[in-house]
Amino acid sequence: MPDMSGYLSESQPAAIGELIALKPTSITVVRGSTTLSPQTVRLETLSSQRQIQGANNVIHVIDAMALGYRNHPTQDDTDLKAGDRFFVDGTAFEVVVVMPAHVDCLQAYLKVRA
């Protein structure tokens, strides 16, 4: 089991990178008609659906979240935007909201596509 004290003693982006490395998932994002290069994120499915408020006060039902790199010393920033789609183990996900305020990591909320 990881010891949280190690995460608290480092720079926040490096610590986020360690959290991603504990449970990495490779994704290949499709943005419109463009396929991006593979990226590594930490994908966490939620125990139940949740509602979040997005842009223009739109309410989204989310099923999962992706934790990605931002300002990491050795990793490129994760490139996710609302509307992006990707598959993991046969399940299709769509990015519905990317949290804008985080400077040390990327947090994106996802829905499962039928």
# chains A, B, ... in the order shown; residues from 1 in each chain; ligands from 1
$ residues_around --residues "region 31-47 of chain A" --least-positions-apart "5" --cutoff "8 Å" --atoms "only C-alpha atoms" --output "PyMOL selection string"
chain A and resi 19-21+23-26+63-69+78+83-85
$ select_by_dssp --residues "chain A" --states "strand (DSSP E)" --output "count of residues only"
55
$ closest_residue --among "A:Lys81, A:Val96, A:Leu22, A:Thr28" --to "Ile52 (chain A)" --atoms "only C-alpha atoms"
A:Val96
$ select_by_dssp --residues "chain A" --states "helix (DSSP H, G or I)" --output "ChimeraX atom specification"
/A:4-8,12-22,55-57
$ atom_distance --atom1 "CA of Ala108 (chain A)" --atom2 "CA of Gly17 (chain A)"
15.5 Å
$ atom_distance --atom1 "CA of Phe86 (chain A)" --atom2 "CA of Cys105 (chain A)"
19.5 Å
$ closest_residue --among "A:Glu18, A:Glu94, A:Asp76, A:Asp89" --to "Leu110 (chain A)" --atoms "only C-alpha atoms"
A:Glu94
$ closest_residue --among "A:Gln107, A:Ile27, A:Val97, A:Val112" --to "Ile59 (chain A)" --atoms "only C-alpha atoms"
A:Val97
$ closest_residue --among "A:Val88, A:Ile16, A:Leu80, A:Ala114" --to "Pro100 (chain A)" --atoms "only C-alpha atoms"
A:Leu80
